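Trainee: Pasting input.cif below, which is mmCIF, C-alpha atoms.
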```cif
data_entry
loop_
_atom_site.label_atom_id
_atom_site.label_comp_id
_atom_site.auth_asym_id
_atom_site.auth_seq_id
_atom_site.Cartn_x
_atom_site.Cartn_y
_atom_site.Cartn_z
CA MET A 277 120.33 124.80 44.59
CA PHE A 278 122.46 124.12 41.53
CA ARG A 279 124.11 120.83 40.55
CA SER A 280 125.94 119.87 37.43
CA ARG A 281 127.11 116.54 36.10
CA LYS A 282 129.38 115.94 33.13
CA PRO A 283 130.38 112.32 32.60
CA ALA A 284 131.44 111.22 29.11
CA GLU A 285 127.86 110.59 27.95
CA THR A 286 126.03 113.71 29.20
CA ASP A 287 126.34 117.33 30.25
CA ILE A 288 123.66 118.20 32.81
CA SER A 289 122.79 121.19 34.94
CA VAL A 290 119.95 121.21 37.46
CA THR A 291 118.63 124.10 39.52
CA VAL A 292 115.95 123.55 42.18
CA ASN A 293 114.13 125.72 44.69
CA LEU A 294 112.33 123.52 47.23
CA ASP A 295 110.28 126.50 48.44
CA GLY A 296 108.98 127.25 44.97
CA THR A 297 105.60 127.23 43.29
CA GLY A 298 106.19 124.59 40.62
CA ILE A 299 107.75 126.74 37.92
CA TYR A 300 109.68 124.58 35.46
CA ASP A 301 111.91 124.85 32.41
CA ASN A 302 113.17 121.40 31.49
CA ALA A 303 115.00 120.46 28.30
CA THR A 304 116.73 117.09 28.11
CA GLY A 305 116.20 116.31 24.45
CA VAL A 306 113.82 113.51 25.47
CA GLY A 307 110.29 114.83 24.93
CA PHE A 308 108.30 112.42 27.09
CA PHE A 309 110.85 112.67 29.90
CA ASP A 310 110.65 116.48 29.83
CA HIS A 311 106.87 116.14 30.19
CA MET A 312 107.38 113.92 33.24
CA LEU A 313 109.92 116.32 34.81
CA ASP A 314 107.41 119.13 34.28
CA GLN A 315 104.82 117.09 36.19
CA LEU A 316 107.29 116.39 38.99
CA SER A 317 108.08 120.09 39.36
CA ARG A 318 104.49 121.30 39.13
CA HIS A 319 103.00 118.82 41.59
CA ALA A 320 105.88 118.90 44.10
CA LEU A 321 105.88 122.73 43.98
CA ILE A 322 109.63 122.61 43.34
CA ASP A 323 110.91 125.22 40.92
CA MET A 324 113.12 123.28 38.55
CA THR A 325 115.35 123.99 35.58
CA VAL A 326 117.05 121.05 33.90
CA ARG A 327 119.38 121.19 30.93
CA CYS A 328 120.81 118.01 29.48
CA THR A 329 122.85 117.33 26.40
CA GLY A 330 123.29 113.59 26.06
CA ASP A 331 124.30 110.83 23.71
CA LEU A 332 120.79 110.47 22.28
CA HIS A 333 122.25 108.98 19.10
CA ILE A 334 122.80 105.87 21.24
CA ASP A 335 119.58 106.00 23.26
CA ASP A 336 117.90 107.95 26.08
CA HIS A 337 119.30 105.89 28.95
CA HIS A 338 122.26 108.04 30.02
CA SER A 339 120.28 111.28 29.78
CA VAL A 340 117.44 109.96 31.94
CA GLU A 341 119.61 108.21 34.54
CA ASP A 342 122.14 111.05 34.85
CA THR A 343 119.33 113.59 35.20
CA GLY A 344 117.97 111.50 38.07
CA ILE A 345 121.41 111.49 39.69
CA ALA A 346 121.88 115.26 39.38
CA LEU A 347 118.31 116.01 40.49
CA GLY A 348 118.64 113.72 43.53
CA GLN A 349 121.92 115.40 44.49
CA ALA A 350 120.39 118.89 44.07
CA ILE A 351 117.39 118.01 46.25
CA ALA A 352 119.60 116.44 48.94
CA GLN A 353 121.87 119.48 48.99
CA ALA A 354 118.91 121.89 49.08
CA MET A 355 117.39 120.08 52.10
CA GLY A 356 120.48 120.80 54.18
CA ASP A 357 120.12 119.27 57.63
CA LYS A 358 116.35 118.75 57.03
CA ARG A 359 115.44 120.84 60.03
CA GLY A 360 111.70 121.40 60.28
CA ILE A 361 110.53 119.18 57.40
CA ARG A 362 107.80 116.59 57.86
CA ARG A 363 110.18 113.95 56.40
CA TYR A 364 107.48 111.46 55.30
CA GLY A 365 105.05 111.74 52.43
CA GLU A 366 102.62 109.54 50.59
CA CYS A 367 100.05 109.78 47.82
CA HIS A 368 97.55 107.53 46.07
CA LEU A 369 97.19 109.16 42.67
CA PRO A 370 94.54 108.24 40.10
CA MET A 371 94.97 109.11 36.44
CA ASP A 372 92.19 107.70 34.29
CA ASP A 373 92.72 103.90 34.27
CA ALA A 374 95.89 104.08 36.39
CA GLN A 375 96.32 104.41 40.12
CA VAL A 376 99.79 104.58 41.62
CA ARG A 377 100.78 104.83 45.27
CA ALA A 378 104.02 106.49 46.31
CA ALA A 379 105.39 106.62 49.84
CA LEU A 380 108.73 108.09 50.78
CA ASP A 381 111.03 108.94 53.66
CA LEU A 382 113.69 111.63 53.32
CA SER A 383 115.82 109.57 55.68
CA GLY A 384 119.19 109.78 53.96
CA ARG A 385 118.95 105.99 53.50
CA PRO A 386 118.36 105.36 49.79
CA TYR A 387 116.15 102.46 48.81
CA LEU A 388 113.71 101.87 45.97
CA VAL A 389 110.81 99.44 46.02
CA TRP A 390 109.34 99.28 42.50
CA ASN A 391 106.11 97.42 41.82
CA VAL A 392 105.14 98.85 38.45
CA ALA A 393 104.54 96.87 35.27
CA PHE A 394 104.16 98.66 31.96
CA PRO A 395 102.06 96.83 29.36
CA THR A 396 104.18 98.26 26.54
CA GLY A 397 107.92 98.64 26.10
CA LYS A 398 107.60 102.16 24.68
CA ILE A 399 105.61 105.34 25.20
CA GLY A 400 106.09 106.93 21.79
CA SER A 401 109.84 106.49 21.34
CA PHE A 402 110.57 106.48 25.10
CA ASP A 403 111.63 103.18 26.71
CA THR A 404 109.31 102.51 29.66
CA GLU A 405 112.12 100.75 31.59
CA LEU A 406 113.77 104.19 31.96
CA VAL A 407 111.05 105.31 34.38
CA ARG A 408 112.45 102.90 36.96
CA GLU A 409 116.02 103.94 36.11
CA PHE A 410 115.13 107.59 36.81
CA PHE A 411 113.53 106.83 40.18
CA GLN A 412 116.40 104.53 41.17
CA ALA A 413 118.89 107.33 40.48
CA LEU A 414 116.71 109.94 42.23
CA ALA A 415 116.29 107.78 45.34
CA THR A 416 119.94 106.74 45.51
CA HIS A 417 121.42 110.20 45.08
CA GLY A 418 118.68 112.01 46.98
CA GLY A 419 118.97 109.72 50.01
CA ILE A 420 115.30 108.81 49.68
CA THR A 421 113.55 105.62 50.73
CA LEU A 422 110.97 105.41 47.95
CA HIS A 423 108.17 102.92 47.41
CA ILE A 424 106.16 103.07 44.17
CA ASP A 425 103.29 100.63 43.68
CA GLN A 426 100.95 100.38 40.70
CA LEU A 427 97.47 99.45 41.90
CA HIS A 428 95.70 99.65 38.52
CA GLY A 429 96.39 100.62 34.95
CA PHE A 430 96.55 99.44 31.38
CA ASN A 431 97.82 102.55 29.58
CA SER A 432 101.59 102.98 29.86
CA HIS A 433 101.47 106.78 29.51
CA HIS A 434 98.93 107.04 32.33
CA ILE A 435 100.89 104.66 34.56
CA ALA A 436 104.15 106.59 34.10
CA GLU A 437 102.51 109.97 34.60
CA ALA A 438 100.65 108.75 37.69
CA ALA A 439 103.99 107.53 39.11
CA PHE A 440 105.69 110.89 38.58
CA LYS A 441 102.74 112.81 39.99
CA ALA A 442 102.37 110.50 43.01
CA VAL A 443 106.07 110.86 43.84
CA ALA A 444 105.76 114.63 43.36
CA ARG A 445 102.84 114.91 45.78
CA ALA A 446 104.57 112.68 48.34
CA LEU A 447 107.74 114.76 48.02
CA ARG A 448 105.73 117.96 48.46
CA ASP A 449 104.24 116.65 51.72
CA ALA A 450 107.60 115.41 53.02
CA LEU A 451 109.32 118.73 52.32
CA GLU A 452 106.61 120.82 54.01
CA VAL A 453 107.63 122.51 57.23
CA ASP A 454 105.97 120.98 60.28
CA PRO A 455 104.61 124.02 62.18
CA ARG A 456 104.76 122.10 65.47
CA LYS A 457 108.47 121.24 65.02
CA ALA A 458 109.82 123.86 62.62
CA ASP A 459 113.13 124.09 64.50
CA ALA A 460 113.72 120.36 64.99
CA ILE A 461 115.31 117.62 62.92
CA PRO A 462 112.62 114.94 62.42
CA SER A 463 114.52 112.09 64.03
CA THR A 464 115.19 110.85 67.56
CA LYS A 465 118.83 110.51 66.46
CA GLY A 466 119.14 114.28 66.05
CA ALA A 467 120.39 113.94 62.49
CA LEU A 468 119.23 112.55 59.16
#
```
Rewrite the structure of this file - the entire thing - as structure tokens.
Mentor:
Amino acid sequence: MFRSRKPAETDISVTVNLDGTGIYDNATGVGFFDHMLDQLSRHALIDMTVRCTGDLHIDDHHSVEDTGIALGQAIAQAMGDKRGIRRYGECHLPMDDAQVRAALDLSGRPYLVWNVAFPTGKIGSFDTELVREFFQALATHGGITLHIDQLHGFNSHHIAEAAFKAVARALRDALEVDPRKADAIPSTKGAL
């Protein structure tokens, strides 16, 4: 599924294949963020290509947030009517000193619960507050109820990477086809 976004601050294109194997090619101009998008793709088993040209002379904010918007929209569009998916996913992910729990519902009702505290304001030159901005945009535009909770951690890089990987694994589980209900929409309402 392909999505593009071109507000005044950025020019973004996103291609996703939800039935992929985790092949990625991400280039946003923000090195640490590209590393996190690579983790998201690899551990969710979503093939992903992201291209972003943004106003990095100002800062990374617009590039990160707008990528989250476009990626959320691409995932929502690729899910279609969500027939056959498990819908829910969760993961407790350890990474060295950090442990992050992610739980999500592909409900179409966007909501973010964020209980993560970074001990530093930067990871290299990357503002740690942008991790939340990305997940807020992803949840809002993907129609995802997303809870991310930091259980442990003192290294900001490990905490951020554990968050991306935990969300990826939860997303992978939620997108899996339920073999017992492969032809059904996972809701008593008949629609999500």
Trainee: At a cut-off of 12 Å, can you tabulate as JSON lines every residue of region 285-337 of chain A near region 411-426 of chain A together with its closest atom pair and the distance in Å to one decimal, using only C-alpha atoms and ordering rows by chain then number?
Mentor:
```
{"residue": "A:Met312", "atom": "CA", "partner": "A:Phe411", "partner_atom": "CA", "distance": 11.7}
{"residue": "A:Leu313", "atom": "CA", "partner": "A:Phe411", "partner_atom": "CA", "distance": 11.5}
{"residue": "A:Leu316", "atom": "CA", "partner": "A:Phe411", "partner_atom": "CA", "distance": 11.5}
{"residue": "A:His337", "atom": "CA", "partner": "A:Ala413", "partner_atom": "CA", "distance": 11.6}
```
Trainee: Could you write out as a PyMOL selection string the residues that the PyMOL selection byres ((chain A and resi 367-383) around 7) matches in the shown file?
Mentor: chain A and resi 363-366+384-385+419-430+434-435+438-439+442-443+445-446+468
Trainee: Produce a file of the selected residues containing C-alpha atoms, as a PDB file, in the coordinates of the input.
Mentor:
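Contents of the output file part-v4.pdb:
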```pdb
ATOM      1  CA  ARG A 363     110.180 113.950  56.400  1.00  0.00           C
ATOM      2  CA  TYR A 364     107.480 111.460  55.300  1.00  0.00           C
ATOM      3  CA  GLY A 365     105.050 111.740  52.430  1.00  0.00           C
ATOM      4  CA  GLU A 366     102.620 109.540  50.590  1.00  0.00           C
ATOM      5  CA  GLY A 384     119.190 109.780  53.960  1.00  0.00           C
ATOM      6  CA  ARG A 385     118.950 105.990  53.500  1.00  0.00           C
ATOM      7  CA  GLY A 419     118.970 109.720  50.010  1.00  0.00           C
ATOM      8  CA  ILE A 420     115.300 108.810  49.680  1.00  0.00           C
ATOM      9  CA  THR A 421     113.550 105.620  50.730  1.00  0.00           C
ATOM     10  CA  LEU A 422     110.970 105.410  47.950  1.00  0.00           C
ATOM     11  CA  HIS A 423     108.170 102.920  47.410  1.00  0.00           C
ATOM     12  CA  ILE A 424     106.160 103.070  44.170  1.00  0.00           C
ATOM     13  CA  ASP A 425     103.290 100.630  43.680  1.00  0.00           C
ATOM     14  CA  GLN A 426     100.950 100.380  40.700  1.00  0.00           C
ATOM     15  CA  LEU A 427      97.470  99.450  41.900  1.00  0.00           C
ATOM     16  CA  HIS A 428      95.700  99.650  38.520  1.00  0.00           C
ATOM     17  CA  GLY A 429      96.390 100.620  34.950  1.00  0.00           C
ATOM     18  CA  PHE A 430      96.550  99.440  31.380  1.00  0.00           C
ATOM     19  CA  HIS A 434      98.930 107.040  32.330  1.00  0.00           C
ATOM     20  CA  ILE A 435     100.890 104.660  34.560  1.00  0.00           C
ATOM     21  CA  ALA A 438     100.650 108.750  37.690  1.00  0.00           C
ATOM     22  CA  ALA A 439     103.990 107.530  39.110  1.00  0.00           C
ATOM     23  CA  ALA A 442     102.370 110.500  43.010  1.00  0.00           C
ATOM     24  CA  VAL A 443     106.070 110.860  43.840  1.00  0.00           C
ATOM     25  CA  ARG A 445     102.840 114.910  45.780  1.00  0.00           C
ATOM     26  CA  ALA A 446     104.570 112.680  48.340  1.00  0.00           C
ATOM     27  CA  LEU A 468     119.230 112.550  59.160  1.00  0.00           C
TER      28      LEU A 468
END
```
Trainee: Apply the PyMOL selection byres ((chain A and resi 321-334) around 9) to the structure shown and report the selected residues as a VMD selection string.
Mentor: chain A and resid 284 to 306 310 313 to 314 316 to 320 335 to 339 342 to 343 347 444 to 445 448
Trainee: Using all atoms listed in the file, which residue out of A:Gly397, A:Phe410, A:Ala450, A:Phe308 lies closest to Gly348 (chain A)?
Mentor: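 For Gly348 (chain A), the nearest of the candidates is A:Phe410.
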Trainee: Once the PyMOL selection byres ((chain A and resi 359) around 8) has been applied to the shown file, what residues remain in the selection, as a ChimeraX atom specification?
Mentor: /A:356-358,360-361,458-462
